[in-house]
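A.B. asks: Before I ask anything, let me first share the structure, which is written out below as structure tokens.
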Amino acid sequence: MSIFKGLATLILAAVALSAVEAEPHCPGNVKSLSLRLVMRSQIVVPIAINHTGPYDFLVDTGAQVTTVDPALAAELHLKIQGTAGVTGVNVHASAPLTRLESVSTGAHSVDNVLAVVQNLGQTQLADRRVRGVLAGNFLERFDLLIDYSHEILCLDDSMQMRARVKGQHIALSAQPLSKQGSAAPQKLVVAVHLSGIAKRQLLQLDSGSNVPLLYAGQDLGRLQTVSAPLRGRGTDGQQHAFTVLAGQDVQVGPHSLRQVPFVTPMDAGRTPPKADVDGLLPTVLFERVFVAYSDHYVVLEPW
């Protein structure tokens, strides 16, 4: 999920998007889906819900369950089927649950998609055209390629892209079973080494986030802060305080990223437990990100 708009420049100042080539396309015969970027980092694509639309939805690899904003849910006359806990950066709340008969984007469609009905907070403040979030419980049905330099998204259920995407396979960390014993939508968690922390960090690859983040509750005292605390509006629409940490050299698989600035929430008492992940690593730090959900690996291509 997006943290807040003001922090986007911390990483985007160092990222120069490559010129878009004519007629960009996905590897193999996979049809490309044009995307647009909100705040130069967050991916938005048109989708159809229950054969109506299109509606602009944020593509968020950091979210497990698809989200529909309340106004759109009312327009579609969606039936509420219970509630579910929803967590984010400094956010823990309950939200109504519904099921979408079908969700489709480009040439791909998934039936019977679980969704929560929830305000979109900062995402919708940044772009009021966004009506929801397309999350892991849709994306995990496909191989996924995010190509920032060409502004295209590729979804593939034929496995054609795998043979054409070059680069080292970086294993995703094993995911725990849910309390009911079934597999929850997969989180894209990779092992990362930071120059200022001896312990290996498990960071979630997050296309909905615009700044690298380390959760509070771990030993961050050795990381020198580089500025006064910052405040910004979170995904819940509320103001939150963040500490900006000194830039870290990041080693993920074979790739080294130099002096990446992280933030950490200051109001740690409001942060829900994050036992299985230490923070967030935005996918926009890479030019291309390929995800093989079914085989539990990613291929990252730095800028």
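In the structure tokens, each chain is lettered A, B, ... as it comes, each chain's residues begin at 1, and ligands are numbered from 1 in order of appearance.
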Output as a PyMOL selection string all residues of range 58-298 of chain A that backbone DSSP marks as alpha helix (DSSP H).
C.D. replies: chain A and resi 70-75+122-126+136-139
A.B. asks: Once you have the residues from the selection above, write them out as a compact mmCIF listing (two decimals), in the first residue's frame, restricted to N, CA and C atoms.
C.D. replies:
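Output (result_9.txt):
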```
# COMPACT_ATOMS: atom_id res chain seq x y z
N PRO A 70 -16.23 1.90 -1.53
CA PRO A 70 -17.66 1.78 -1.18
C PRO A 70 -18.60 2.34 -2.23
N ALA A 71 -18.22 3.45 -2.89
CA ALA A 71 -19.11 4.03 -3.89
C ALA A 71 -19.29 3.08 -5.07
N LEU A 72 -18.22 2.45 -5.52
CA LEU A 72 -18.33 1.50 -6.62
C LEU A 72 -19.11 0.25 -6.19
N ALA A 73 -18.88 -0.20 -4.96
CA ALA A 73 -19.63 -1.35 -4.45
C ALA A 73 -21.12 -1.06 -4.47
N ALA A 74 -21.51 0.16 -4.11
CA ALA A 74 -22.92 0.53 -4.14
C ALA A 74 -23.45 0.56 -5.58
N GLU A 75 -22.65 1.10 -6.50
CA GLU A 75 -23.06 1.15 -7.91
C GLU A 75 -23.31 -0.25 -8.47
N GLN A 122 -5.13 7.42 0.78
CA GLN A 122 -4.20 8.25 0.03
C GLN A 122 -4.21 7.93 -1.46
N THR A 123 -4.44 6.68 -1.83
CA THR A 123 -4.44 6.31 -3.24
C THR A 123 -5.48 7.10 -4.00
N GLN A 124 -6.68 7.21 -3.45
CA GLN A 124 -7.74 7.94 -4.13
C GLN A 124 -7.56 9.45 -4.04
N LEU A 125 -6.90 9.91 -2.98
CA LEU A 125 -6.59 11.34 -2.90
C LEU A 125 -5.61 11.72 -4.01
N ALA A 126 -4.69 10.83 -4.33
CA ALA A 126 -3.71 11.11 -5.38
C ALA A 126 -4.34 11.06 -6.76
N GLY A 136 -3.29 -9.78 -4.81
CA GLY A 136 -2.70 -11.10 -5.04
C GLY A 136 -3.68 -12.19 -5.35
N ASN A 137 -4.91 -12.12 -4.81
CA ASN A 137 -5.85 -13.20 -5.07
C ASN A 137 -6.37 -13.19 -6.50
N PHE A 138 -6.08 -12.15 -7.28
CA PHE A 138 -6.26 -12.17 -8.73
C PHE A 138 -4.94 -12.44 -9.44
N LEU A 139 -3.90 -11.73 -9.05
CA LEU A 139 -2.63 -11.79 -9.76
C LEU A 139 -1.98 -13.16 -9.71
```
A.B. asks: Taking 6 positions as the minimum chain separation for residues in the same chain, which residues sit within 12 Å of Asn112 in chain A when counting only C-alpha atoms? Answer as a ChimeraX atom specification.
C.D. replies: /A:49-50,66,98-104,137-138
A.B. asks: Now that the selection is made, can you save its residues with N, CA and C atoms as a PDB file, in the first residue's frame?
C.D. replies:
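Result file selection_28.pdb:
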```pdb
ATOM      1  N   ILE A  49     -15.629  -5.478 -13.801  1.00  0.00           N
ATOM      2  CA  ILE A  49     -16.177  -6.256 -12.691  1.00  0.00           C
ATOM      3  C   ILE A  49     -17.593  -6.667 -13.061  1.00  0.00           C
ATOM      4  N   ASN A  50     -17.841  -7.964 -12.981  1.00  0.00           N
ATOM      5  CA  ASN A  50     -19.173  -8.497 -13.307  1.00  0.00           C
ATOM      6  C   ASN A  50     -19.645  -7.993 -14.673  1.00  0.00           C
ATOM      7  N   THR A  66      -8.272  -8.303  -3.087  1.00  0.00           N
ATOM      8  CA  THR A  66      -8.738  -7.211  -3.930  1.00  0.00           C
ATOM      9  C   THR A  66      -9.687  -6.288  -3.145  1.00  0.00           C
ATOM     10  N   THR A  98     -17.075  -9.152   0.220  1.00  0.00           N
ATOM     11  CA  THR A  98     -18.012  -9.486  -0.837  1.00  0.00           C
ATOM     12  C   THR A  98     -17.319 -10.430  -1.815  1.00  0.00           C
ATOM     13  N   ARG A  99     -18.071 -10.953  -2.774  1.00  0.00           N
ATOM     14  CA  ARG A  99     -17.484 -11.778  -3.837  1.00  0.00           C
ATOM     15  C   ARG A  99     -17.884 -11.199  -5.181  1.00  0.00           C
ATOM     16  N   LEU A 100     -16.901 -11.088  -6.064  1.00  0.00           N
ATOM     17  CA  LEU A 100     -17.127 -10.560  -7.399  1.00  0.00           C
ATOM     18  C   LEU A 100     -17.307 -11.736  -8.355  1.00  0.00           C
ATOM     19  N   GLU A 101     -18.397 -11.718  -9.105  1.00  0.00           N
ATOM     20  CA  GLU A 101     -18.659 -12.835 -10.012  1.00  0.00           C
ATOM     21  C   GLU A 101     -17.531 -13.001 -11.015  1.00  0.00           C
ATOM     22  N   SER A 102     -17.001 -11.910 -11.499  1.00  0.00           N
ATOM     23  CA  SER A 102     -15.872 -11.981 -12.432  1.00  0.00           C
ATOM     24  C   SER A 102     -15.078 -10.691 -12.368  1.00  0.00           C
ATOM     25  N   VAL A 103     -13.770 -10.835 -12.547  1.00  0.00           N
ATOM     26  CA  VAL A 103     -12.860  -9.699 -12.667  1.00  0.00           C
ATOM     27  C   VAL A 103     -12.017  -9.958 -13.908  1.00  0.00           C
ATOM     28  N   SER A 104     -11.948  -8.995 -14.798  1.00  0.00           N
ATOM     29  CA  SER A 104     -11.173  -9.196 -16.019  1.00  0.00           C
ATOM     30  C   SER A 104     -10.379  -7.947 -16.351  1.00  0.00           C
ATOM     31  N   ASN A 137      -4.911 -12.117  -4.806  1.00  0.00           N
ATOM     32  CA  ASN A 137      -5.855 -13.199  -5.066  1.00  0.00           C
ATOM     33  C   ASN A 137      -6.367 -13.191  -6.500  1.00  0.00           C
ATOM     34  N   PHE A 138      -6.077 -12.152  -7.280  1.00  0.00           N
ATOM     35  CA  PHE A 138      -6.261 -12.168  -8.727  1.00  0.00           C
ATOM     36  C   PHE A 138      -4.941 -12.439  -9.438  1.00  0.00           C
TER      37      PHE A 138
END
```
A.B. asks: Would you mind listing what lies within 10 Å of range 253-258 of chain A as a ChimeraX atom specification, with only C-alpha atoms counted and same-chain residues fewer than 5 positions away left out?
C.D. replies: /A:167-171,190-195,247-248,285-286,298-303
A.B. asks: Would you compute the distance between CA of Leu145 in chain A and CA of Ile43 in chain A? Give it in Å to one decimal.
C.D. replies: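 Separation of CA of Leu145 in chain A and CA of Ile43 in chain A: 12.1 Å.
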A.B. asks: Apply DSSP to the backbone of this structure and, from range 20-201 of chain A, keep only the residues in strand (DSSP E); write these as a PDB file with C-alpha atoms, in the first residue's frame.
C.D. replies:
```pdb
ATOM      1  CA  SER A  32       0.481  -6.480 -23.384  1.00  0.00           C
ATOM      2  CA  LEU A  33      -1.721  -4.320 -21.201  1.00  0.00           C
ATOM      3  CA  SER A  34      -0.949  -0.606 -21.125  1.00  0.00           C
ATOM      4  CA  ARG A  36      -0.479   4.399 -16.317  1.00  0.00           C
ATOM      5  CA  LEU A  37       1.505   5.530 -13.318  1.00  0.00           C
ATOM      6  CA  VAL A  38       0.145   7.493 -10.374  1.00  0.00           C
ATOM      7  CA  GLN A  42       1.874   3.174  -8.644  1.00  0.00           C
ATOM      8  CA  ILE A  43       0.445   1.035 -11.450  1.00  0.00           C
ATOM      9  CA  VAL A  44      -3.129   1.580 -12.647  1.00  0.00           C
ATOM     10  CA  VAL A  45      -4.937  -0.562 -15.236  1.00  0.00           C
ATOM     11  CA  PRO A  46      -8.553  -0.739 -16.452  1.00  0.00           C
ATOM     12  CA  ILE A  47     -10.575  -3.726 -15.266  1.00  0.00           C
ATOM     13  CA  ALA A  48     -14.139  -4.974 -15.633  1.00  0.00           C
ATOM     14  CA  ILE A  49     -16.177  -6.256 -12.691  1.00  0.00           C
ATOM     15  CA  THR A  52     -19.271  -3.840 -16.353  1.00  0.00           C
ATOM     16  CA  GLY A  53     -16.661  -1.116 -16.561  1.00  0.00           C
ATOM     17  CA  PRO A  54     -13.910  -0.364 -17.259  1.00  0.00           C
ATOM     18  CA  TYR A  55     -12.812   0.896 -13.851  1.00  0.00           C
ATOM     19  CA  ASP A  56      -9.321   2.075 -12.949  1.00  0.00           C
ATOM     20  CA  PHE A  57      -7.714  -0.209 -10.347  1.00  0.00           C
ATOM     21  CA  LEU A  58      -4.319  -0.023  -8.667  1.00  0.00           C
ATOM     22  CA  VAL A  59      -2.201  -3.155  -9.217  1.00  0.00           C
ATOM     23  CA  THR A  66      -8.738  -7.211  -3.930  1.00  0.00           C
ATOM     24  CA  THR A  67     -10.415  -3.993  -2.744  1.00  0.00           C
ATOM     25  CA  VAL A  68     -13.452  -2.126  -4.086  1.00  0.00           C
ATOM     26  CA  THR A  83     -16.151  -8.941   7.518  1.00  0.00           C
ATOM     27  CA  ALA A  84     -12.382  -9.418   7.447  1.00  0.00           C
ATOM     28  CA  GLY A  85      -9.370  -7.862   9.154  1.00  0.00           C
ATOM     29  CA  VAL A  86      -7.367  -5.500   6.950  1.00  0.00           C
ATOM     30  CA  THR A  87      -3.790  -4.469   7.750  1.00  0.00           C
ATOM     31  CA  GLY A  88      -1.433  -1.903   6.287  1.00  0.00           C
ATOM     32  CA  VAL A  91      -3.454   0.417   9.927  1.00  0.00           C
ATOM     33  CA  HIS A  92      -5.508  -2.417  11.362  1.00  0.00           C
ATOM     34  CA  ALA A  93      -9.267  -2.442  10.794  1.00  0.00           C
ATOM     35  CA  SER A  94     -12.265  -4.556   9.812  1.00  0.00           C
ATOM     36  CA  ALA A  95     -13.870  -4.237   6.388  1.00  0.00           C
ATOM     37  CA  PRO A  96     -16.957  -5.769   4.746  1.00  0.00           C
ATOM     38  CA  LEU A  97     -16.380  -8.775   2.504  1.00  0.00           C
ATOM     39  CA  THR A  98     -18.012  -9.486  -0.837  1.00  0.00           C
ATOM     40  CA  ARG A  99     -17.484 -11.778  -3.837  1.00  0.00           C
ATOM     41  CA  LEU A 100     -17.127 -10.560  -7.399  1.00  0.00           C
ATOM     42  CA  GLU A 101     -18.659 -12.835 -10.012  1.00  0.00           C
ATOM     43  CA  SER A 102     -15.872 -11.981 -12.432  1.00  0.00           C
ATOM     44  CA  VAL A 103     -12.860  -9.699 -12.667  1.00  0.00           C
ATOM     45  CA  SER A 104     -11.173  -9.196 -16.019  1.00  0.00           C
ATOM     46  CA  THR A 105      -8.387  -7.086 -17.462  1.00  0.00           C
ATOM     47  CA  HIS A 108      -7.762 -12.434 -18.794  1.00  0.00           C
ATOM     48  CA  SER A 109     -10.659 -13.093 -16.464  1.00  0.00           C
ATOM     49  CA  VAL A 110     -10.994 -14.713 -13.025  1.00  0.00           C
ATOM     50  CA  ASP A 111     -14.334 -15.784 -11.554  1.00  0.00           C
ATOM     51  CA  ASN A 112     -15.490 -15.677  -7.939  1.00  0.00           C
ATOM     52  CA  VAL A 113     -12.927 -13.211  -6.598  1.00  0.00           C
ATOM     53  CA  LEU A 114     -13.066 -12.364  -2.882  1.00  0.00           C
ATOM     54  CA  ALA A 115     -12.905  -8.627  -2.205  1.00  0.00           C
ATOM     55  CA  VAL A 116     -13.110  -6.189   0.685  1.00  0.00           C
ATOM     56  CA  VAL A 117     -15.094  -2.961   0.522  1.00  0.00           C
ATOM     57  CA  VAL A 130      -8.929   4.915  -9.010  1.00  0.00           C
ATOM     58  CA  ARG A 131     -11.860   2.795  -7.816  1.00  0.00           C
ATOM     59  CA  GLY A 132     -10.116  -0.159  -6.193  1.00  0.00           C
ATOM     60  CA  VAL A 133      -7.070  -2.390  -5.796  1.00  0.00           C
ATOM     61  CA  LEU A 134      -6.273  -5.496  -7.849  1.00  0.00           C
ATOM     62  CA  ASP A 143       2.803 -15.197 -14.376  1.00  0.00           C
ATOM     63  CA  LEU A 144       3.219 -11.435 -14.020  1.00  0.00           C
ATOM     64  CA  LEU A 145       5.636  -9.002 -15.652  1.00  0.00           C
ATOM     65  CA  ILE A 146       5.747  -5.326 -14.701  1.00  0.00           C
ATOM     66  CA  ASP A 147       7.751  -3.312 -17.230  1.00  0.00           C
ATOM     67  CA  ILE A 152       3.127  -2.240 -19.822  1.00  0.00           C
ATOM     68  CA  LEU A 153       1.794  -5.068 -17.674  1.00  0.00           C
ATOM     69  CA  CYS A 154       1.910  -8.685 -18.826  1.00  0.00           C
ATOM     70  CA  LEU A 155      -0.305 -11.473 -17.484  1.00  0.00           C
ATOM     71  CA  ASP A 156       0.342 -14.996 -18.754  1.00  0.00           C
ATOM     72  CA  ILE A 170      15.225 -15.367  -6.713  1.00  0.00           C
ATOM     73  CA  ALA A 171      13.246 -17.681  -4.449  1.00  0.00           C
ATOM     74  CA  VAL A 189       8.685 -11.906   0.205  1.00  0.00           C
ATOM     75  CA  VAL A 190      12.409 -11.997  -0.612  1.00  0.00           C
ATOM     76  CA  ALA A 191      15.480 -12.261   1.624  1.00  0.00           C
ATOM     77  CA  VAL A 192      17.478  -9.027   1.578  1.00  0.00           C
ATOM     78  CA  HIS A 193      20.745  -7.914   3.169  1.00  0.00           C
ATOM     79  CA  LEU A 194      21.039  -4.280   4.258  1.00  0.00           C
ATOM     80  CA  GLN A 201      15.621  -8.936   6.352  1.00  0.00           C
TER      81      GLN A 201
END
```
